[in-house]
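Read through the structure below, which is laid out as C-alpha cells, and then see the notes.
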There are 2 protein chains.
Amino acid sequence: MLTKKGAATRRRIVDAAATEIRERGVANVTLEDVGRRSGTGKSQLFHYFPEGKEELLLAVARREAERVIEDQQPQLGSLTSWAAWGRWRDVVVERYRRQGVHCPLGVLITEIGRHTPAAQAVTRQLLDQWQAQLRLGIEQMRESGRIGPAIDPDRAAAALIAAIQGGVTILMSTNSAEHLEAALDLFLDHLRTAAPAPS
Amino acid sequence: MLTKKGAATRRRIVDAAATEIRERGVANVTLEDVGRRSGTGKSQLFHYFPEGKEELLLAVARREAERVIEDQQPQLGSLTSWAAWGRWRDVVVERYRRQGVHCPLGVLITEIGRHTPAAQAVTRQLLDQWQAQLRLGIEQMRESGRIGPAIDPDRAAAALIAAIQGGVTILMSTNSAEHLEAALDLFLDHLRTAAPAPS
DNA sequence: GAAGAATTGGACCGGCAGGTCCACTTCTCC
DNA sequence: GGAGAAGTGGACCTGCCGGTCCAATTCTTC
C-alpha cells in the first residue's frame, strides 16, 4: 500500500512543504510551489494526502514539532549541571539566531498550529513533551541541591518555555535575538539564585 | 479631503477589520467580510485605502498596537510599588485570559506584523514603547531600593516582554493561561529576590 | 511475464477574493 | 443654490489556487 519509492516521494513532499513554508510563510505557499520544489505534481500530492492541503499541513506540523526537540538534543536530554544548562542555552540561542525568521518552532506555533484542531493537538503535544524534559532537568538539579526548594519544577519549566517562545516570536518580527537571550539568561539566573539550598 | 463622515467611515472600516481578524484570523477574513461588518462596500474600502488590503492591514496593525498598550493602562504607567506590579500582573493575565484566542497582541505579532516591512516597523515600535515603560518601572523600583542593583532594567524589561509574548502565543494555541501566569510570576519573583539591597 | 496495485504527468475545472469602474448621491463652501 | 469635491453602491473583471480526472507508466508478486 506504500512502496519504498512511494514513501520516499511522500517524504520529499513533506520536506519541500516544510522548507517552503519556513522560507515564505504558510500563506504564500501554494501546492504548485510544493510540487515544483519536490519535483512532483498535484496528482502525487493528492495521492499521498487525499484530504489535500490540510492533511499536508498537519504532516508538516508533525515534522516541525519533531525538529524543534531534535534541534535541542542532546543537550536538552541531560540537564544535570550548570555547565550543561549553559550549553543548552547556547544551543538554543545559536540555533534560533541563525535560523532567524525561518524557524520551525515559530512557524509551527504561529502559522500552522492554529489552522485546525488537529494541528493544535500537535502543538500541545510538543509543548508537553518539551516541558517534561525541562522539568526533569530542574528536578535533577533540585535533587542534587543545586536548585533551591522554592522552585516549582513544573511551573518553572512552563515559564521557561513561554520565555523561549516569546523570544523566538519577537525574533521573527524584529530579527534580533536580544529578547530571547535576555529572557533565557534572566531565567537561568533565577534558577541559580532563588532560595538556594544552604550549603 | 476627509469630511467628518468620511473619517467615521474610515474608522468603522478599520474597527470592523480588526474585530473580524481577531475573531477569525487574518487568513480567513476577506474584504467582503469587512464590508459587511462595517456596513460598507469595496468601493469605500478602496476609496479610503487606495493600496487595498495591505494598506488596510497596516492601519489595523497600528490600531491593535495602540490597544495593547491601552489595555494595560493605567497600571503600566505607574509601576512604583510591589502592589502596583501585582495589579498590573493581574490586569495582564485577566485580560489575556478573557480574550483567549481573540487577542490584539497575538494577532498583531503572529499574523499581521510579519506581512510587510511597514507592519514589522509597527510591531517593533510597540515593543520599544512597551519595553521603555517596563524599564521605567523597574528603574523606579531600583531607585527606591526595592529591587537590587544586580538587575539590569533594560534587559529585565526585554525578558519580561518576551515572557508575556510567549505566554500569550501559547495561550492562543492551547487556550490555557497557565504558561503566561507561570512566566509572569516567576519573573516578578526574580525581581523581588535577586540580589536585594541590604536593608 | 502478466495481473493488479502503486505511482506519475498533466490537462482541466470552478470558485473565490482582490481589485476596477462608473454612475449616483451627499456633503461643503462660496 | 450651485459647482465641485467627497462619499457610496454595486456590477463586473480576472488571475490564482485548491482540487479533480484519467490515461500512462512502473513496481510487486506469484
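Naming works like this for the C-alpha cells: A, B, ... for the chains as they're shown, residue 1 at the start of each chain, ligands 1 onward in shown order.
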
(request) Hey, list the chain B side of the contact with chain A: 9 Å cut-off, only C-alpha atoms, answer as number ranges by chain. (result) B: 27, 106, 109-111, 113-114, 120-121, 123-124, 127, 151, 155-170, 172-174, 178-187, 189-190, 193-195

Please write the residues from the selection above to a file, keeping N, CA and C atoms, as a compact mmCIF listing (two decimals), in the first residue's frame.
```txt
# COMPACT_ATOMS: atom_id res chain seq x y z
N ALA B 27 -6.09 35.25 7.79
CA ALA B 27 -6.18 34.45 6.57
C ALA B 27 -7.62 34.21 6.14
N GLY B 106 -1.50 39.07 20.18
CA GLY B 106 -1.17 37.85 19.47
C GLY B 106 -1.39 37.99 17.98
N ILE B 109 1.28 40.37 16.38
CA ILE B 109 2.64 39.87 16.22
C ILE B 109 2.71 38.62 15.36
N THR B 110 1.74 37.73 15.53
CA THR B 110 1.88 36.47 14.81
C THR B 110 1.25 36.50 13.43
N GLU B 111 0.32 37.44 13.18
CA GLU B 111 -0.35 37.36 11.88
C GLU B 111 -0.13 38.58 11.01
N GLY B 113 1.75 41.40 11.80
CA GLY B 113 3.02 42.10 11.93
C GLY B 113 4.16 41.53 11.11
N ARG B 114 3.93 40.43 10.43
CA ARG B 114 5.04 39.90 9.66
C ARG B 114 4.80 40.02 8.15
N GLN B 120 6.07 45.33 10.21
CA GLN B 120 7.13 44.98 11.15
C GLN B 120 7.57 46.19 11.94
N ALA B 121 7.63 47.32 11.27
CA ALA B 121 8.03 48.53 11.96
C ALA B 121 7.05 48.88 13.06
N THR B 123 5.21 46.76 14.74
CA THR B 123 5.47 45.82 15.82
C THR B 123 6.68 46.26 16.64
N ARG B 124 7.70 46.58 15.95
CA ARG B 124 8.93 46.98 16.61
C ARG B 124 8.69 48.18 17.51
N LEU B 127 6.92 47.21 20.64
CA LEU B 127 7.79 46.54 21.60
C LEU B 127 8.69 47.55 22.29
N ILE B 151 19.98 43.70 38.98
CA ILE B 151 19.05 43.66 37.84
C ILE B 151 19.37 44.77 36.85
N ARG B 155 17.48 44.94 30.17
CA ARG B 155 17.43 43.51 29.87
C ARG B 155 16.26 42.83 30.56
N ALA B 156 16.01 43.23 31.79
CA ALA B 156 14.89 42.63 32.51
C ALA B 156 13.58 42.97 31.82
N ALA B 157 13.45 44.21 31.37
CA ALA B 157 12.23 44.59 30.67
C ALA B 157 12.08 43.78 29.38
N ALA B 158 13.19 43.59 28.68
CA ALA B 158 13.16 42.79 27.44
C ALA B 158 12.70 41.37 27.75
N ALA B 159 13.27 40.81 28.80
CA ALA B 159 12.91 39.45 29.17
C ALA B 159 11.43 39.36 29.53
N LEU B 160 10.97 40.35 30.23
CA LEU B 160 9.58 40.34 30.66
C LEU B 160 8.63 40.37 29.46
N ILE B 161 8.95 41.21 28.51
CA ILE B 161 8.13 41.25 27.30
C ILE B 161 8.13 39.90 26.59
N ALA B 162 9.29 39.32 26.49
CA ALA B 162 9.38 38.01 25.85
C ALA B 162 8.51 37.00 26.59
N ALA B 163 8.56 37.06 27.90
CA ALA B 163 7.78 36.11 28.69
C ALA B 163 6.29 36.28 28.43
N ILE B 164 5.84 37.51 28.43
CA ILE B 164 4.42 37.75 28.16
C ILE B 164 4.06 37.30 26.76
N GLN B 165 4.89 37.72 25.83
CA GLN B 165 4.63 37.36 24.44
C GLN B 165 4.50 35.84 24.28
N GLY B 166 5.44 35.14 24.89
CA GLY B 166 5.39 33.69 24.79
C GLY B 166 4.16 33.12 25.45
N GLY B 167 3.84 33.64 26.62
CA GLY B 167 2.66 33.17 27.32
C GLY B 167 1.42 33.35 26.48
N VAL B 168 1.33 34.51 25.86
CA VAL B 168 0.16 34.80 25.04
C VAL B 168 0.11 33.90 23.81
N THR B 169 1.25 33.72 23.19
CA THR B 169 1.28 32.86 22.00
C THR B 169 0.82 31.44 22.35
N ILE B 170 1.33 30.97 23.46
CA ILE B 170 0.93 29.63 23.88
C ILE B 170 -0.55 29.60 24.24
N MET B 172 -2.77 31.22 22.88
CA MET B 172 -3.53 31.18 21.64
C MET B 172 -3.59 29.79 21.03
N SER B 173 -2.61 28.97 21.35
CA SER B 173 -2.61 27.62 20.80
C SER B 173 -3.32 26.63 21.71
N THR B 174 -3.22 26.88 23.00
CA THR B 174 -3.71 25.86 23.93
C THR B 174 -4.94 26.32 24.69
N GLU B 178 -1.98 29.15 31.69
CA GLU B 178 -1.03 28.58 32.65
C GLU B 178 0.40 29.06 32.41
N HIS B 179 0.83 29.01 31.17
CA HIS B 179 2.21 29.40 30.87
C HIS B 179 2.43 30.88 31.10
N LEU B 180 1.44 31.65 30.70
CA LEU B 180 1.55 33.09 30.89
C LEU B 180 1.69 33.43 32.37
N GLU B 181 0.86 32.83 33.17
CA GLU B 181 0.92 33.10 34.61
C GLU B 181 2.23 32.64 35.21
N ALA B 182 2.64 31.45 34.85
CA ALA B 182 3.88 30.92 35.40
C ALA B 182 5.03 31.85 35.06
N ALA B 183 5.06 32.29 33.81
CA ALA B 183 6.17 33.15 33.37
C ALA B 183 6.16 34.47 34.13
N LEU B 184 5.00 35.09 34.20
CA LEU B 184 4.92 36.37 34.89
C LEU B 184 5.30 36.24 36.36
N ASP B 185 4.78 35.24 37.01
CA ASP B 185 5.03 35.09 38.44
C ASP B 185 6.50 34.82 38.73
N LEU B 186 7.04 33.90 37.96
CA LEU B 186 8.45 33.59 38.19
C LEU B 186 9.30 34.84 37.98
N PHE B 187 8.89 35.59 36.99
CA PHE B 187 9.60 36.81 36.68
C PHE B 187 9.58 37.81 37.81
N ASP B 189 8.95 37.26 40.80
CA ASP B 189 9.68 36.66 41.90
C ASP B 189 11.17 36.96 41.79
N HIS B 190 11.64 36.87 40.59
CA HIS B 190 13.06 37.15 40.40
C HIS B 190 13.38 38.60 40.73
N THR B 193 13.54 39.00 44.47
CA THR B 193 14.54 38.31 45.29
C THR B 193 15.98 38.45 44.83
N ALA B 194 16.18 38.82 43.57
CA ALA B 194 17.56 38.82 43.07
C ALA B 194 18.38 39.92 43.74
N ALA B 195 19.42 39.50 44.38
CA ALA B 195 20.37 40.43 45.00
C ALA B 195 19.68 41.64 45.60
```

(message) Residues within 10 Å of DT28 (chain D), please, as JSON, numbers by chain. Count only C-alpha atoms (C1' of nucleotides); anything in the same chain fewer than 4 positions from it doesn't count.
(response) {"A": [3], "C": [4, 5, 6]}

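Nearest to DC17 (chain D) of all the residues A:Arg67, A:Lys5, A:Lys42, A:Arg11 is A:Lys42, based on only C-alpha atoms (C1' of nucleotides).
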
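CA of Ala177 (chain B) is found 18.5 Å from CA of Trp85 (chain B).
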
(request) Return the neighbours of chain A among the residues of chain C, cut-off 8 Å, counting only C-alpha atoms (C1' of nucleotides), as number ranges by chain. (result) C: 6-9

Write the residues you've just listed into a file as a PDB file, in the first residue's frame, and include C-alpha atoms (C1' of nucleotides) for each of them.
```pdb
ATOM      1  C1'  DA C   6       1.038   1.735  -6.691  1.00  0.00           C
ATOM      2  C1'  DT C   7       2.889   5.737  -8.838  1.00  0.00           C
ATOM      3  C1'  DT C   8       3.195   9.559 -12.018  1.00  0.00           C
ATOM      4  C1'  DG C   9       2.128  13.539 -15.501  1.00  0.00           C
TER       5       DG C   9
END
```

(request) Select from region 57-88 of chain B everything DSSP, run on the backbone, classes as helix (DSSP H, G or I), then give the selection as a PyMOL selection string. (result) chain B and resi 57-70+75-77+82-88

Please check the contacts: residues of chain A at most 8 Å away from chain D, using only C-alpha atoms (C1' of nucleotides), listed as a CSV table (one decimal) with C-alpha atoms, in the first residue's frame.
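As written to disk, selection-v6.csv reads:
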```
chain,number,residue,atom,x,y,z
A,30,THR,CA,0.8,27.1,-3.0
A,31,LEU,CA,0.6,23.4,-3.8
A,52,GLY,CA,-5.4,17.9,0.3
A,53,LYS,CA,-3.7,20.9,1.8
```

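You will find CA of Arg62 (chain A) at 20.4 Å from CA of Leu134 (chain A).
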
(request) Counting only C-alpha atoms, figure out which residue out of A:Trp82, A:Trp88, A:Trp130, A:Phe46 gets nearest to Arg192 (chain A). (result)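 Smallest separation from Arg192 (chain A) among the options: A:Trp82.
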
(message) Need the shell around Leu79 (chain A): protein/DNA/RNA residues with any atom at most 9 Å away, counting only C-alpha atoms (C1' of nucleotides). Skip same-chain ones fewer than 3 positions apart. Format as a count of residues only?
(response) 14

(request) Calculate how many Å separate C1' of DG19 (chain C) from CA of Pro104 (chain B), rounding to one decimal. (result) 27.6 Å

(message) I'd like to know which of B:Arg135, B:Arg146, B:Glu23, B:Gly39 is closest to Ser78 (chain B), using only C-alpha atoms.
(response) B:Arg135
